2 protein chains.
Amino acid sequence: MTMEPRVSLITLGVDDPAASAAFYTKLGFHKAKDGNEDVAFFQLSGGLVLSLYRRANLFRDADLPDGGERFSGITLAYNTRSELDVDKLAAAFIGAGGRLVKPPHKVFWGGYIAYAADPDGHVWEIAYNPDWPLGEDGALTLPG
Amino acid sequence: MTMEPRVSLITLGVDDPAASAAFYTKLGFHKAKDGNEDVAFFQLSGGLVLSLYRRANLFRDADLPDGGERFSGITLAYNTRSELDVDKLAAAFIGAGGRLVKPPHKVFWGGYIAYAADPDGHVWEIAYNPDWPLGEDGALTLPG
């Protein structure tokens with residue numbers, strides 16, 4: 001059996017789901033009715049769901065030890081429509097209670113990006129990529 | 001400025017992008033033309049892209065130290081249409097060179113899930129959730 005080319009949920013382990021949900025709500029995401037004190041869900045575009053799940057429960061569920069690390073080499077990227085929007089969103093991350101990991105800067109492939117962390121240390125790349133224009137609905141479709 | 005409710009890319013830091021791409025290709029994802037020896041891209045449904053990026057570069061780009069951890073509390077979930085498909089996909093992960101973290105089992109909320117890791121230790125939850133039926137196109141839309 002093979003996988004269809006999709007992801008159903010992205011789950012971020014967080015210390016306090018309510019506080020984390022407040023952070024993402026400040027950034028503009030809308031919390032769904034489903035959920036409880038241990039988990040909050042956000043409907044995203046394209047049939048994808050963001051889940052903020054109590055970190056201890058996530059490690060318990062997966063039977064994996066919590067090594068304490070908050071960045072293990074997964075980033076979520078949010079692509080913007082302009083360089084200015086990268087600056088604005090980097091500021092929004094700070095305003096909502098996150099922190100800047102690396103300020104907005106030009107990169108060799110022609111883009112303009114920043115790295116920002118949510119309150120639990122999960123890292124987002126905020127990126128303007130002139131070679132990958134977004135659809136009107138924000139969808140990213142690779143060229144070719 | 002606020003964020004539209006979307007994610008553009010999920011980037012997994014991997015030791016060997018070509019080997020990792022081969023793994024995800026075995027599972028059924030289609031590698032895009034874009035890419036090079038350091039990064040491979042896969043177009044997913046809903047305007048989302050999966051990026052497999054050389055781990056050392058990712059940590060360098062973000063100016064973050066590599067703590068060595070491969071699971072820091074982010075899981076990607078792939079929801080299926082049946083319990084049987086969870087069994088089949090868990091087997092497919094092993095067949096493609098991944099490993100089972102936690103075998104398929106019933107969970108208290110009525111679902112049937114397994115945790116499986118890709119060759120770099122990134123953890124997927126393979127889940128059948130009878131309360132969250134998938135659309136024909138595989139999209140997950142929260143109730144309410």
# chains A, B, ... in the order shown; residues from 1 in each chain; ligands from 1
call {"tool": "interface_residues", "arguments": {"of": "chain A", "to": "chain B", "cutoff": "7 Å", "atoms": "only C-alpha atoms", "output": "NGL selection string"}}
result
:A and (1-13 or 27-29 or 33 or 43-48 or 55 or 62 or 67 or 69-79 or 88-89 or 92 or 102 or 115 or 139-142 or 144)
call {"tool": "write_last_selection", "arguments": {"atoms": "C-alpha atoms", "output": "mmCIF file, in the first residue's frame"}}
result
data_model
loop_
_atom_site.group_PDB
_atom_site.id
_atom_site.type_symbol
_atom_site.label_atom_id
_atom_site.label_comp_id
_atom_site.auth_asym_id
_atom_site.auth_seq_id
_atom_site.Cartn_x
_atom_site.Cartn_y
_atom_site.Cartn_z
ATOM 1 C CA MET A 1 0.000 0.000 0.000
ATOM 2 C CA THR A 2 1.272 3.474 -0.787
ATOM 3 C CA MET A 3 0.446 6.878 0.642
ATOM 4 C CA GLU A 4 -1.557 9.503 -1.165
ATOM 5 C CA PRO A 5 0.512 12.728 -1.357
ATOM 6 C CA ARG A 6 -0.869 14.440 1.713
ATOM 7 C CA VAL A 7 -0.447 15.174 5.400
ATOM 8 C CA SER A 8 -3.535 15.141 7.614
ATOM 9 C CA LEU A 9 -2.250 16.836 10.752
ATOM 10 C CA ILE A 10 0.842 18.564 12.009
ATOM 11 C CA THR A 11 1.051 18.045 15.763
ATOM 12 C CA LEU A 12 3.210 20.316 17.904
ATOM 13 C CA GLY A 13 3.927 19.154 21.446
ATOM 14 C CA LEU A 27 -1.255 35.218 14.756
ATOM 15 C CA GLY A 28 -4.569 34.783 12.951
ATOM 16 C CA PHE A 29 -5.431 31.064 13.114
ATOM 17 C CA LYS A 33 -14.677 23.689 18.584
ATOM 18 C CA GLN A 43 -8.355 24.002 10.521
ATOM 19 C CA LEU A 44 -5.842 25.058 7.892
ATOM 20 C CA SER A 45 -6.241 25.337 4.130
ATOM 21 C CA GLY A 46 -6.063 22.325 1.876
ATOM 22 C CA GLY A 47 -7.538 19.781 4.286
ATOM 23 C CA LEU A 48 -4.693 20.097 6.787
ATOM 24 C CA ARG A 55 3.852 17.625 25.174
ATOM 25 C CA ALA A 62 4.403 7.539 21.163
ATOM 26 C CA GLY A 67 15.016 14.559 25.309
ATOM 27 C CA GLU A 69 15.011 19.398 22.641
ATOM 28 C CA ARG A 70 12.628 21.861 21.044
ATOM 29 C CA PHE A 71 14.180 21.905 17.616
ATOM 30 C CA SER A 72 15.133 18.570 16.164
ATOM 31 C CA GLY A 73 15.234 19.532 12.532
ATOM 32 C CA ILE A 74 11.659 20.141 11.478
ATOM 33 C CA THR A 75 10.556 23.573 10.368
ATOM 34 C CA LEU A 76 7.183 24.739 9.188
ATOM 35 C CA ALA A 77 7.366 27.377 6.508
ATOM 36 C CA TYR A 78 4.888 30.117 5.873
ATOM 37 C CA ASN A 79 5.482 31.736 2.496
ATOM 38 C CA LYS A 88 5.613 42.241 9.331
ATOM 39 C CA LEU A 89 5.112 38.605 10.255
ATOM 40 C CA ALA A 92 3.845 39.611 14.641
ATOM 41 C CA LYS A 102 17.170 34.791 12.961
ATOM 42 C CA TYR A 115 13.265 32.156 11.420
ATOM 43 C CA ALA A 139 -1.552 27.449 -2.124
ATOM 44 C CA LEU A 140 2.054 26.649 -2.973
ATOM 45 C CA THR A 141 2.397 24.686 -6.203
ATOM 46 C CA LEU A 142 5.862 23.686 -7.325
ATOM 47 C CA GLY A 144 7.087 22.106 -13.529
#
call {"tool": "closest_residue", "arguments": {"among": "B:Pro17, B:Phe23, B:Asn57, B:Ala117", "to": "B:Ala96", "atoms": "only C-alpha atoms"}}
result
B:Phe23
call {"tool": "closest_residue", "arguments": {"among": "A:Ala40, A:Ser20, A:Glu83, A:Gly95", "to": "A:Pro130", "atoms": "only C-alpha atoms"}}
result
A:Glu83
call {"tool": "select_by_dssp", "arguments": {"residues": "chain A", "states": "helix (DSSP H, G or I)", "output": "number ranges by chain"}}
result
A: 17-26, 45-47, 55-62, 83-96
call {"tool": "atom_distance", "arguments": {"atom1": "atom CA of A:Ala21", "atom2": "atom CA of A:Val39"}}
result
9.0 Å
call {"tool": "atom_distance", "arguments": {"atom1": "atom CA of B:Pro119", "atom2": "atom CA of B:Arg99"}}
result
7.4 Å
call {"tool": "atom_distance", "arguments": {"atom1": "atom CA of A:Trp132", "atom2": "atom CA of B:Asp118"}}
result
27.4 Å
call {"tool": "closest_residue", "arguments": {"among": "A:Ala19, A:Asn129, A:Glu136, A:Ile94", "to": "A:Phe108", "atoms": "only C-alpha atoms"}}
result
A:Asn129
